[in-house]
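**Student:** Contents of my_file-v1.cif (mmCIF, C-alpha atoms) are below:
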```
data_coords
#
loop_
_atom_site.label_atom_id
_atom_site.label_comp_id
_atom_site.auth_asym_id
_atom_site.auth_seq_id
_atom_site.Cartn_x
_atom_site.Cartn_y
_atom_site.Cartn_z
CA MET A 1 140.87 145.53 87.12
CA ILE A 2 140.90 141.81 87.92
CA GLN A 3 142.97 139.69 90.28
CA VAL A 4 144.52 136.42 89.15
CA SER A 5 147.06 133.91 90.40
CA VAL A 6 150.11 133.60 88.17
CA ASN A 7 152.49 130.83 89.10
CA GLY A 8 151.23 131.04 92.65
CA GLU A 9 151.51 134.84 92.99
CA MET A 10 148.55 137.18 93.03
CA LYS A 11 148.62 139.73 90.20
CA VAL A 12 146.35 142.59 89.18
CA LEU A 13 145.55 142.84 85.46
CA ALA A 14 143.32 144.93 83.28
CA GLU A 15 139.98 143.42 82.43
CA GLY A 16 139.41 141.62 79.14
CA LEU A 17 143.01 140.67 78.33
CA ASN A 18 143.61 137.60 76.22
CA VAL A 19 146.56 135.27 76.94
CA SER A 20 148.92 137.06 74.54
CA GLN A 21 148.13 140.41 76.14
CA MET A 22 148.49 138.94 79.62
CA ILE A 23 151.95 137.59 78.77
CA GLU A 24 152.98 141.00 77.55
CA ALA A 25 151.49 142.71 80.61
CA LEU A 26 153.41 140.34 82.90
CA ALA A 27 156.70 141.10 81.08
CA TYR A 28 157.49 137.58 79.96
CA LYS A 29 160.23 138.35 77.48
CA THR A 30 161.00 135.05 75.89
CA LYS A 31 159.24 132.32 74.04
CA GLY A 32 159.66 128.72 75.01
CA PHE A 33 157.01 128.39 77.67
CA ALA A 34 153.53 126.95 77.79
CA VAL A 35 150.41 128.23 79.49
CA ALA A 36 147.62 126.62 81.47
CA VAL A 37 144.56 128.44 82.77
CA ASN A 38 142.74 126.78 85.65
CA THR A 39 144.86 123.63 85.07
CA THR A 40 143.74 123.35 81.44
CA PHE A 41 146.33 123.67 78.67
CA VAL A 42 146.00 126.72 76.41
CA SER A 43 147.78 126.19 73.09
CA ILE A 44 149.56 129.02 71.28
CA GLN A 45 146.89 128.86 68.59
CA THR A 46 144.21 129.79 71.12
CA TYR A 47 146.05 132.59 72.98
CA GLU A 48 144.15 135.35 71.18
CA LYS A 49 140.69 133.99 71.86
CA THR A 50 141.29 132.90 75.46
CA ILE A 51 140.21 135.72 77.78
CA ILE A 52 141.56 135.93 81.32
CA ASN A 53 138.87 136.27 83.96
CA ASN A 54 138.89 137.45 87.54
CA GLY A 55 140.03 134.68 89.88
CA ASP A 56 141.74 132.59 87.20
CA THR A 57 144.73 130.47 88.13
CA ILE A 58 147.47 130.70 85.51
CA ASP A 59 150.55 128.54 85.19
CA ILE A 60 153.39 129.53 82.87
CA LEU A 61 155.91 126.69 82.58
CA ALA A 62 159.36 126.57 80.99
CA PRO A 63 161.97 123.85 80.44
CA VAL A 64 164.04 122.70 83.40
CA GLN A 65 166.20 119.73 84.25
CA GLY A 66 164.29 116.53 84.93
CA GLY A 67 164.80 112.91 85.82
CA MET B 1 192.16 86.83 65.99
CA THR B 2 188.45 87.19 66.63
CA LYS B 3 187.30 90.76 66.57
CA ARG B 4 185.78 92.04 69.80
CA LEU B 5 181.99 91.96 69.56
CA GLU B 6 179.87 94.99 70.27
CA THR B 7 176.18 95.48 70.86
CA ASN B 8 175.58 97.14 67.56
CA ASP B 9 171.95 96.11 67.45
CA LEU B 10 169.63 99.01 66.87
CA TRP B 11 166.84 99.85 69.24
CA HIS B 12 163.46 100.79 67.84
CA ILE B 13 161.54 102.80 70.40
CA GLY B 14 158.80 105.37 70.08
CA GLY B 15 159.17 105.56 66.31
CA LYS B 16 162.92 106.24 66.50
CA THR B 17 165.89 104.01 65.84
CA LEU B 18 168.69 104.39 68.37
CA SER B 19 171.91 102.63 69.22
CA SER B 20 172.10 103.43 72.95
CA ARG B 21 169.80 101.75 75.45
CA LEU B 22 170.66 104.10 78.28
CA LEU B 23 168.18 106.88 79.03
CA ILE B 24 169.61 109.59 81.21
CA GLY B 25 168.17 112.35 83.37
CA SER B 26 169.33 115.95 83.21
CA ALA B 27 168.81 116.95 86.86
CA LEU B 28 171.01 117.20 89.95
CA TYR B 29 174.38 117.70 88.23
CA PRO B 30 176.95 119.99 89.84
CA SER B 31 176.81 122.32 86.82
CA PRO B 32 175.29 122.56 83.31
CA ALA B 33 178.73 121.87 81.81
CA ASN B 34 179.08 118.74 83.93
CA MET B 35 175.62 117.61 82.81
CA GLU B 36 176.55 118.10 79.18
CA ASP B 37 179.81 116.18 79.55
CA ALA B 38 178.10 113.35 81.40
CA ILE B 39 175.32 112.99 78.83
CA LYS B 40 177.85 113.01 75.99
CA ILE B 41 180.11 110.36 77.47
CA SER B 42 177.17 108.18 78.47
CA GLY B 43 176.38 107.77 74.78
CA SER B 44 172.71 108.19 75.68
CA GLN B 45 170.43 109.40 72.92
CA ILE B 46 167.42 110.10 75.14
CA VAL B 47 167.52 112.67 77.93
CA THR B 48 164.66 113.40 80.31
CA VAL B 49 163.57 116.98 80.91
CA SER B 50 160.75 118.69 82.76
CA LEU B 51 158.64 121.85 83.07
CA ARG B 52 158.42 124.19 86.01
CA ARG B 53 156.94 127.58 86.72
CA GLN B 54 158.89 130.35 85.08
CA ALA B 55 159.31 133.75 86.73
CA ALA B 56 158.83 136.75 84.46
CA GLY B 57 162.14 137.76 82.91
CA ASN B 58 163.83 134.71 84.41
CA THR B 59 166.28 134.14 81.59
CA ASP B 60 170.01 134.26 81.07
CA SER B 61 171.90 137.29 79.77
CA LYS B 62 171.18 136.35 76.17
CA GLY B 63 167.46 136.25 76.81
CA GLY B 64 167.26 132.46 76.59
CA ASN B 65 167.14 129.40 78.74
CA GLN B 66 170.70 128.12 79.21
CA PHE B 67 169.71 124.60 80.20
CA TRP B 68 167.35 124.13 77.30
CA ASP B 69 169.83 125.73 74.88
CA ILE B 70 172.45 123.14 75.91
CA ILE B 71 170.08 120.22 75.48
CA LYS B 72 168.90 121.47 72.08
CA SER B 73 172.48 121.88 70.89
CA MET B 74 173.23 118.22 71.67
CA GLY B 75 170.88 116.91 69.00
CA ILE B 76 169.46 114.10 71.12
CA GLU B 77 165.90 113.01 71.80
CA VAL B 78 164.17 114.65 74.73
CA LEU B 79 161.71 112.82 76.92
CA PRO B 80 159.65 115.33 78.92
CA ASN B 81 158.27 114.06 82.20
CA THR B 82 155.14 114.93 84.14
CA ALA B 83 156.96 114.88 87.48
CA GLY B 84 155.02 116.50 90.28
CA SER B 85 151.64 115.42 88.97
CA HIS B 86 149.30 113.82 91.49
CA SER B 87 146.32 113.20 89.25
CA ALA B 88 145.59 112.16 85.69
CA LYS B 89 144.28 115.65 84.99
CA GLU B 90 147.53 117.32 86.10
CA ALA B 91 149.63 114.84 84.16
CA ILE B 92 147.59 115.28 80.98
CA THR B 93 147.85 119.07 81.16
CA THR B 94 151.60 118.89 81.82
CA ALA B 95 152.06 116.50 78.90
CA MET B 96 150.23 118.82 76.54
CA MET B 97 152.28 121.79 77.70
CA ALA B 98 155.45 119.75 77.24
CA ARG B 99 154.48 118.74 73.72
CA GLU B 100 154.18 122.39 72.75
CA VAL B 101 157.40 123.51 74.46
CA PHE B 102 159.66 120.59 73.56
CA GLY B 103 158.16 119.75 70.19
CA THR B 104 157.83 116.02 70.82
CA ASN B 105 154.91 113.65 71.33
CA TRP B 106 156.98 111.57 73.75
CA VAL B 107 156.08 111.83 77.40
CA LYS B 108 157.41 110.11 80.48
CA LEU B 109 154.15 109.73 82.38
CA GLU B 110 154.60 110.10 86.11
CA VAL B 111 151.63 110.36 88.43
CA ILE B 112 152.75 110.12 92.02
CA GLY B 113 150.46 108.41 94.51
CA ASP B 114 152.50 108.67 97.67
CA GLN B 115 154.69 111.55 98.68
CA TYR B 116 156.88 109.47 101.01
CA ASN B 117 158.15 106.84 98.58
CA LEU B 118 157.09 108.58 95.35
CA GLN B 119 155.30 105.43 94.32
CA PRO B 120 153.31 105.90 91.13
CA ASP B 121 149.52 105.95 91.37
CA PRO B 122 148.55 103.05 89.10
CA PHE B 123 144.91 104.07 88.73
CA GLU B 124 145.62 107.64 87.68
CA THR B 125 148.57 106.53 85.53
CA VAL B 126 146.42 104.15 83.50
CA LYS B 127 143.68 106.78 83.19
CA ALA B 128 146.14 109.40 81.95
CA ALA B 129 147.87 106.96 79.58
CA GLU B 130 144.58 106.12 77.90
CA VAL B 131 143.77 109.79 77.26
CA LEU B 132 147.28 110.71 76.13
CA ILE B 133 147.50 107.82 73.66
CA LYS B 134 144.21 108.95 72.11
CA GLU B 135 145.72 112.45 71.89
CA GLY B 136 148.63 111.08 69.86
CA PHE B 137 151.31 110.79 72.51
CA GLU B 138 153.91 108.06 72.76
CA VAL B 139 153.59 107.32 76.44
CA PHE B 140 156.52 106.07 78.52
CA PRO B 141 154.67 105.25 81.76
CA TYR B 142 156.58 105.08 85.01
CA THR B 143 155.01 102.30 87.06
CA THR B 144 155.76 99.80 89.78
CA ASP B 145 156.81 96.22 89.06
CA ASP B 146 153.18 95.07 89.39
CA LEU B 147 152.28 92.74 86.53
CA VAL B 148 148.58 93.59 86.54
CA VAL B 149 149.24 97.31 86.28
CA ALA B 150 151.56 96.58 83.36
CA LYS B 151 148.71 94.62 81.76
CA ARG B 152 146.33 97.54 82.17
CA LEU B 153 148.85 99.90 80.61
CA ALA B 154 149.28 97.53 77.68
CA ASP B 155 145.50 97.24 77.38
CA VAL B 156 145.12 100.99 76.87
CA GLY B 157 147.77 100.95 74.16
CA CYS B 158 151.16 101.59 75.77
CA ASN B 159 153.99 100.31 73.57
CA ILE B 160 156.49 101.03 76.30
CA ILE B 161 156.34 100.23 80.01
CA MET B 162 158.82 101.48 82.59
CA PRO B 163 158.64 99.56 85.89
CA TRP B 164 160.69 100.84 88.77
CA GLY B 165 163.75 99.05 90.06
CA SER B 166 163.10 100.63 93.44
CA MET B 167 162.08 104.03 94.80
CA ILE B 168 163.11 107.13 92.85
CA GLY B 169 166.50 108.35 93.96
CA SER B 170 167.01 105.49 96.42
CA GLY B 171 169.88 103.80 94.60
CA LYS B 172 168.73 100.46 96.00
CA GLY B 173 168.77 98.67 92.67
CA LEU B 174 166.28 96.00 91.61
CA MET B 175 164.09 95.21 94.64
CA ASN B 176 162.07 92.51 92.93
CA PRO B 177 163.89 91.00 89.97
CA ASP B 178 161.37 88.17 89.80
CA ASN B 179 158.56 90.66 89.24
CA LEU B 180 160.54 92.33 86.48
CA VAL B 181 161.13 88.95 84.84
CA ALA B 182 157.40 88.19 85.03
CA ILE B 183 156.62 91.43 83.16
CA ARG B 184 159.30 90.64 80.58
CA LYS B 185 157.87 87.17 79.97
CA GLN B 186 154.32 88.46 79.75
CA PHE B 187 155.19 91.17 77.24
CA PRO B 188 157.94 89.94 74.93
CA ASP B 189 157.01 92.48 72.24
CA LEU B 190 156.71 95.64 74.34
CA GLN B 191 159.65 97.91 75.00
CA LEU B 192 160.51 97.57 78.69
CA VAL B 193 162.72 100.03 80.51
CA VAL B 194 163.73 99.84 84.16
CA ASP B 195 163.20 103.34 85.49
CA ALA B 196 164.22 104.56 88.95
CA GLY B 197 166.14 103.07 91.81
CA ILE B 198 169.31 102.27 89.90
CA GLY B 199 172.28 103.12 92.13
CA LYS B 200 175.34 101.63 90.51
CA PRO B 201 176.44 100.25 87.17
CA SER B 202 175.92 96.61 88.16
CA HIS B 203 172.21 97.34 88.75
CA ALA B 204 171.93 98.51 85.15
CA THR B 205 173.76 95.44 83.94
CA GLN B 206 171.40 93.22 85.93
CA ALA B 207 168.35 94.91 84.39
CA MET B 208 169.72 94.42 80.89
CA GLU B 209 170.63 90.79 81.61
CA LEU B 210 166.99 90.20 82.56
CA GLY B 211 166.11 91.11 79.00
CA TYR B 212 164.97 94.66 79.57
CA ASP B 213 165.32 96.86 76.53
CA GLY B 214 166.71 99.88 78.33
CA VAL B 215 167.52 101.54 81.62
CA LEU B 216 166.58 105.05 82.72
CA LEU B 217 168.47 106.72 85.54
CA ASN B 218 169.55 110.11 86.81
CA SER B 219 170.71 110.26 90.43
CA ALA B 220 173.20 107.41 90.12
CA ILE B 221 175.21 109.46 87.65
CA ALA B 222 174.49 113.02 88.76
CA LEU B 223 175.15 112.34 92.45
CA ALA B 224 178.32 110.29 91.89
CA GLN B 225 181.54 111.90 93.08
CA ASP B 226 182.59 112.10 89.45
CA PRO B 227 179.42 112.17 87.32
CA VAL B 228 181.28 112.11 84.01
CA LYS B 229 183.26 109.01 84.92
CA MET B 230 180.11 107.37 86.28
CA ALA B 231 178.30 108.16 83.04
CA ASP B 232 181.04 106.29 81.19
CA ALA B 233 180.70 103.41 83.65
CA PHE B 234 176.96 103.19 82.97
CA ARG B 235 177.55 103.23 79.23
CA VAL B 236 179.77 100.19 79.58
CA ALA B 237 177.45 98.53 82.11
CA VAL B 238 174.38 98.78 79.88
CA GLU B 239 176.37 97.50 76.93
CA ALA B 240 177.73 94.60 79.04
CA GLY B 241 174.25 93.66 80.21
CA ARG B 242 172.85 93.77 76.72
CA LEU B 243 175.71 91.66 75.35
CA GLY B 244 175.21 89.18 78.19
CA TYR B 245 171.51 88.92 77.41
CA GLU B 246 172.15 88.47 73.70
CA ALA B 247 174.81 85.84 74.41
CA GLY B 248 172.42 83.81 76.58
CA VAL B 249 173.17 83.34 80.26
CA MET B 250 173.96 79.78 81.35
CA GLN B 251 171.42 77.80 83.33
CA LYS B 252 171.93 77.69 87.08
CA ARG B 253 172.81 74.31 88.56
CA GLU B 254 171.97 72.83 91.92
CA PHE B 255 175.45 71.34 92.40
CA ALA B 256 179.07 72.15 91.68
CA SER B 257 180.47 71.14 88.33
CA PRO B 258 184.21 71.37 87.63
CA SER B 259 185.27 73.50 84.73
CA THR B 260 188.77 72.03 84.46
CA PRO B 261 188.79 68.59 82.75
CA THR B 262 188.79 65.74 85.24
CA ILE B 263 190.38 63.21 82.87
CA GLY B 264 194.07 63.02 83.60
CA THR B 265 193.80 64.71 86.97
CA PRO B 266 197.15 64.18 88.78
CA PHE B 267 197.22 62.62 92.25
CA TRP B 268 193.59 61.70 91.68
CA HIS B 269 191.77 60.00 94.52
CA GLN B 270 188.20 59.21 95.43
CA PHE B 271 186.72 61.25 98.26
CA ASP B 272 185.44 59.14 101.09
#
```
Please lay out the structure from this file as structure tokens.

**Tutor:**
Amino acid sequence: MIQVSVNGEMKVLAEGLNVSQMIEALAYKTKGFAVAVNTTFVSIQTYEKTIINNGDTIDILAPVQGG
Amino acid sequence: MTKRLETNDLWHIGGKTLSSRLLIGSALYPSPANMEDAIKISGSQIVTVSLRRQAAGNTDSKGGNQFWDIIKSMGIEVLPNTAGSHSAKEAITTAMMAREVFGTNWVKLEVIGDQYNLQPDPFETVKAAEVLIKEGFEVFPYTTDDLVVAKRLADVGCNIIMPWGSMIGSGKGLMNPDNLVAIRKQFPDLQLVVDAGIGKPSHATQAMELGYDGVLLNSAIALAQDPVKMADAFRVAVEAGRLGYEAGVMQKREFASPSTPTIGTPFWHQFD
């Protein structure tokens, strides 16, 4: 198992998950968000080949109101 | 009878052709319905949006995002911001995430350099703008009214520059109109938008009278006692300012000059 930060909260995940598998494991149900790993953008096209590692910082962002 | 004139000139910005020159924020409204009504009545065709951390399963009962569903249904242009970024790196990452989520290459580039007055960091803003333009973004940079910073932004390829009127959310209006005029004169061909600090409709009119191409605001409408009515007021104010600019404002004079004809003045006498 590995430990990662997801949107500021510590989470325990199985080793070797890619971004798609991580999203599923974290129970994100909807589309319409974007992902960054260690403050670097991960596009949808690269979800499958981007592996989550122990200690990674993950941000999952969705639309909100803005000025 | 002469027909009433309207500002029916079209505005070409960021590869789009629009009729409204009012850009409006989507935050701080009393309710989503109030936001929708205010945006509609404002006539604005560009609404600013943002990205924030999403909790797992944090969706409405239909499994969607109510706010984003409303905005999408309105059929207007969205301008995602990078609010909250404190470095070029953070802003660039946020912009790329926004491009994927919102499906637009437009980005309102905000890199904050001071937490107290939310003043943009000019060095990081220019750095981020340069990278984002190379990545194919249409950058709407939020900056101060500093002419040299505007020059640097233009140098790296910004077609649009958005100097502040005053601090974000302050409602103080145009702190330094002379600085804004200097930027306008220096860059007659760039699209210039006053962004931030607008507090009341007359501030928007003033910005448009200075020759600015548009005005971007949020708090002045959303925090009004009646946001929908205020949105209508800003629609009229921006139109009035644009019409005034197009009509050509008279030159100021050092002395009084009577507007009523002096020939034939009754009871005329020479002042001592």

**Student:** Listing only residues of chain A within 12 Å of chain B, what is the closest atom pair and its distance in Å (to one decimal) for each, using only C-alpha atoms, sorted by chain and residue number ascending, as JSON lines?

**Tutor:**
```
{"residue": "A:Val6", "atom": "CA", "partner": "B:Arg53", "partner_atom": "CA", "distance": 9.2}
{"residue": "A:Asn7", "atom": "CA", "partner": "B:Arg53", "partner_atom": "CA", "distance": 6.0}
{"residue": "A:Gly8", "atom": "CA", "partner": "B:Arg53", "partner_atom": "CA", "distance": 8.9}
{"residue": "A:Glu9", "atom": "CA", "partner": "B:Ala55", "partner_atom": "CA", "distance": 10.1}
{"residue": "A:Met22", "atom": "CA", "partner": "B:Ala56", "partner_atom": "CA", "distance": 11.6}
{"residue": "A:Ile23", "atom": "CA", "partner": "B:Ala56", "partner_atom": "CA", "distance": 9.0}
{"residue": "A:Glu24", "atom": "CA", "partner": "B:Ala56", "partner_atom": "CA", "distance": 10.0}
{"residue": "A:Ala25", "atom": "CA", "partner": "B:Ala56", "partner_atom": "CA", "distance": 10.2}
{"residue": "A:Leu26", "atom": "CA", "partner": "B:Ala56", "partner_atom": "CA", "distance": 6.7}
{"residue": "A:Ala27", "atom": "CA", "partner": "B:Ala56", "partner_atom": "CA", "distance": 5.9}
{"residue": "A:Tyr28", "atom": "CA", "partner": "B:Ala56", "partner_atom": "CA", "distance": 4.8}
{"residue": "A:Lys29", "atom": "CA", "partner": "B:Gly57", "partner_atom": "CA", "distance": 5.8}
{"residue": "A:Thr30", "atom": "CA", "partner": "B:Gly63", "partner_atom": "CA", "distance": 6.6}
{"residue": "A:Lys31", "atom": "CA", "partner": "B:Gly64", "partner_atom": "CA", "distance": 8.4}
{"residue": "A:Gly32", "atom": "CA", "partner": "B:Val101", "partner_atom": "CA", "distance": 5.7}
{"residue": "A:Phe33", "atom": "CA", "partner": "B:Val101", "partner_atom": "CA", "distance": 5.9}
{"residue": "A:Ala34", "atom": "CA", "partner": "B:Met97", "partner_atom": "CA", "distance": 5.3}
{"residue": "A:Val35", "atom": "CA", "partner": "B:Met97", "partner_atom": "CA", "distance": 6.9}
{"residue": "A:Ala36", "atom": "CA", "partner": "B:Thr93", "partner_atom": "CA", "distance": 7.6}
{"residue": "A:Val37", "atom": "CA", "partner": "B:Thr93", "partner_atom": "CA", "distance": 10.1}
{"residue": "A:Asn38", "atom": "CA", "partner": "B:Thr93", "partner_atom": "CA", "distance": 10.3}
{"residue": "A:Thr39", "atom": "CA", "partner": "B:Thr93", "partner_atom": "CA", "distance": 6.7}
{"residue": "A:Thr40", "atom": "CA", "partner": "B:Thr93", "partner_atom": "CA", "distance": 5.9}
{"residue": "A:Phe41", "atom": "CA", "partner": "B:Thr93", "partner_atom": "CA", "distance": 5.4}
{"residue": "A:Val42", "atom": "CA", "partner": "B:Met97", "partner_atom": "CA", "distance": 8.1}
{"residue": "A:Ser43", "atom": "CA", "partner": "B:Glu100", "partner_atom": "CA", "distance": 7.5}
{"residue": "A:Ile44", "atom": "CA", "partner": "B:Glu100", "partner_atom": "CA", "distance": 8.2}
{"residue": "A:Gln45", "atom": "CA", "partner": "B:Glu100", "partner_atom": "CA", "distance": 10.6}
{"residue": "A:Ile58", "atom": "CA", "partner": "B:Arg53", "partner_atom": "CA", "distance": 10.0}
{"residue": "A:Asp59", "atom": "CA", "partner": "B:Arg53", "partner_atom": "CA", "distance": 6.6}
{"residue": "A:Ile60", "atom": "CA", "partner": "B:Arg53", "partner_atom": "CA", "distance": 5.6}
{"residue": "A:Leu61", "atom": "CA", "partner": "B:Arg53", "partner_atom": "CA", "distance": 4.4}
{"residue": "A:Ala62", "atom": "CA", "partner": "B:Leu51", "partner_atom": "CA", "distance": 5.2}
{"residue": "A:Pro63", "atom": "CA", "partner": "B:Leu51", "partner_atom": "CA", "distance": 4.7}
{"residue": "A:Val64", "atom": "CA", "partner": "B:Ser50", "partner_atom": "CA", "distance": 5.2}
{"residue": "A:Gln65", "atom": "CA", "partner": "B:Ala27", "partner_atom": "CA", "distance": 4.6}
{"residue": "A:Gly66", "atom": "CA", "partner": "B:Val49", "partner_atom": "CA", "distance": 4.1}
{"residue": "A:Gly67", "atom": "CA", "partner": "B:Gly25", "partner_atom": "CA", "distance": 4.2}
```

**Student:** Can you list, as a list in words, the residues that the PyMOL selection byres ((chain B and resi 19) around 9) selects here?

**Tutor:**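 Going through the file, the PyMOL selection byres ((chain B and resi 19) around 9) ends up selecting Thr7, Asn8, Asp9, Leu10, Trp11, His12, Thr17, Leu18, Ser20, Arg21, Gly43, Ser44 and Gln45 of chain B.
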
**Student:** Output C-alpha atoms of each residue in that selection to a file, as a PDB file, in the coordinates of the input.

**Tutor:**
```
ATOM      1  CA  THR B   7     176.180  95.480  70.860  1.00  0.00           C
ATOM      2  CA  ASN B   8     175.580  97.140  67.560  1.00  0.00           C
ATOM      3  CA  ASP B   9     171.950  96.110  67.450  1.00  0.00           C
ATOM      4  CA  LEU B  10     169.630  99.010  66.870  1.00  0.00           C
ATOM      5  CA  TRP B  11     166.840  99.850  69.240  1.00  0.00           C
ATOM      6  CA  HIS B  12     163.460 100.790  67.840  1.00  0.00           C
ATOM      7  CA  THR B  17     165.890 104.010  65.840  1.00  0.00           C
ATOM      8  CA  LEU B  18     168.690 104.390  68.370  1.00  0.00           C
ATOM      9  CA  SER B  20     172.100 103.430  72.950  1.00  0.00           C
ATOM     10  CA  ARG B  21     169.800 101.750  75.450  1.00  0.00           C
ATOM     11  CA  GLY B  43     176.380 107.770  74.780  1.00  0.00           C
ATOM     12  CA  SER B  44     172.710 108.190  75.680  1.00  0.00           C
ATOM     13  CA  GLN B  45     170.430 109.400  72.920  1.00  0.00           C
TER      14      GLN B  45
END
```

**Student:** For stretch 157-160 of chain B, please output as a ChimeraX atom specification all residues within 6 Å (counting all atoms listed in the file; exclusion window: fewer than 5 positions along the same chain).

**Tutor:** /B:140,190-192

**Student:** Would you compute the distance between atom CA of B:Ile39 and atom CA of B:Ala222? Give it in Å to one decimal.

**Tutor:**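 That distance, rounded to one decimal, is 10.0 Å.
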
**Student:** Could you pull the residues within 8 Å of A:Lys49, counting all atoms listed in the file, minus those fewer than 3 positions along the same chain, as a PyMOL selection string?

**Tutor:** chain A and resi 18-19+46

**Student:** On this file, the PyMOL selection byres ((chain B and resi 171) around 6) gives some set of residues; write that set as a list of chain:residue names.

**Tutor:**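 Matching residues under the PyMOL selection byres ((chain B and resi 171) around 6) are B:Gly169, B:Ser170, B:Lys172, B:Gly173, B:Gly197, B:Ile198, B:Gly199.
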
**Student:** Please rebuild stretch 190-206 of chain B with N, CA and C atoms and return the result as a PDB file, in the frame of the given file.

**Tutor:**
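To be explicit, this is the file written out as selection28.pdb:
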```pdb
ATOM      1  N   LEU B 190     156.705  94.235  73.913  1.00  0.00           N
ATOM      2  CA  LEU B 190     156.710  95.640  74.340  1.00  0.00           C
ATOM      3  C   LEU B 190     158.132  96.077  74.665  1.00  0.00           C
ATOM      4  N   GLN B 191     158.359  97.371  74.586  1.00  0.00           N
ATOM      5  CA  GLN B 191     159.650  97.910  75.000  1.00  0.00           C
ATOM      6  C   GLN B 191     159.604  98.140  76.507  1.00  0.00           C
ATOM      7  N   LEU B 192     160.488  97.484  77.224  1.00  0.00           N
ATOM      8  CA  LEU B 192     160.510  97.570  78.690  1.00  0.00           C
ATOM      9  C   LEU B 192     161.781  98.265  79.151  1.00  0.00           C
ATOM     10  N   VAL B 193     161.587  99.238  79.996  1.00  0.00           N
ATOM     11  CA  VAL B 193     162.720 100.030  80.510  1.00  0.00           C
ATOM     12  C   VAL B 193     162.632 100.047  82.028  1.00  0.00           C
ATOM     13  N   VAL B 194     163.705  99.682  82.700  1.00  0.00           N
ATOM     14  CA  VAL B 194     163.730  99.840  84.160  1.00  0.00           C
ATOM     15  C   VAL B 194     164.024 101.304  84.453  1.00  0.00           C
ATOM     16  N   ASP B 195     163.110 101.909  85.206  1.00  0.00           N
ATOM     17  CA  ASP B 195     163.200 103.340  85.490  1.00  0.00           C
ATOM     18  C   ASP B 195     163.161 103.529  87.003  1.00  0.00           C
ATOM     19  N   ALA B 196     164.164 104.157  87.527  1.00  0.00           N
ATOM     20  CA  ALA B 196     164.220 104.560  88.950  1.00  0.00           C
ATOM     21  C   ALA B 196     164.815 103.482  89.842  1.00  0.00           C
ATOM     22  N   GLY B 197     165.574 103.948  90.794  1.00  0.00           N
ATOM     23  CA  GLY B 197     166.140 103.070  91.810  1.00  0.00           C
ATOM     24  C   GLY B 197     167.520 102.540  91.498  1.00  0.00           C
ATOM     25  N   ILE B 198     167.975 102.749  90.271  1.00  0.00           N
ATOM     26  CA  ILE B 198     169.310 102.270  89.900  1.00  0.00           C
ATOM     27  C   ILE B 198     170.350 103.096  90.676  1.00  0.00           C
ATOM     28  N   GLY B 199     171.298 102.406  91.324  1.00  0.00           N
ATOM     29  CA  GLY B 199     172.280 103.120  92.130  1.00  0.00           C
ATOM     30  C   GLY B 199     173.702 102.966  91.636  1.00  0.00           C
ATOM     31  N   LYS B 200     173.970 101.854  90.973  1.00  0.00           N
ATOM     32  CA  LYS B 200     175.340 101.630  90.510  1.00  0.00           C
ATOM     33  C   LYS B 200     175.315 100.853  89.201  1.00  0.00           C
ATOM     34  N   PRO B 201     176.433 100.858  88.499  1.00  0.00           N
ATOM     35  CA  PRO B 201     176.440 100.250  87.170  1.00  0.00           C
ATOM     36  C   PRO B 201     175.972  98.799  87.152  1.00  0.00           C
ATOM     37  N   SER B 202     176.316  98.030  88.178  1.00  0.00           N
ATOM     38  CA  SER B 202     175.920  96.610  88.160  1.00  0.00           C
ATOM     39  C   SER B 202     174.405  96.446  88.187  1.00  0.00           C
ATOM     40  N   HIS B 203     173.679  97.413  88.782  1.00  0.00           N
ATOM     41  CA  HIS B 203     172.210  97.340  88.750  1.00  0.00           C
ATOM     42  C   HIS B 203     171.712  97.452  87.302  1.00  0.00           C
ATOM     43  N   ALA B 204     172.330  98.333  86.555  1.00  0.00           N
ATOM     44  CA  ALA B 204     171.930  98.510  85.150  1.00  0.00           C
ATOM     45  C   ALA B 204     172.244  97.244  84.355  1.00  0.00           C
ATOM     46  N   THR B 205     173.392  96.682  84.612  1.00  0.00           N
ATOM     47  CA  THR B 205     173.760  95.440  83.940  1.00  0.00           C
ATOM     48  C   THR B 205     172.749  94.345  84.244  1.00  0.00           C
ATOM     49  N   GLN B 206     172.375  94.250  85.521  1.00  0.00           N
ATOM     50  CA  GLN B 206     171.400  93.220  85.930  1.00  0.00           C
ATOM     51  C   GLN B 206     170.080  93.398  85.187  1.00  0.00           C
TER      52      GLN B 206
END
```
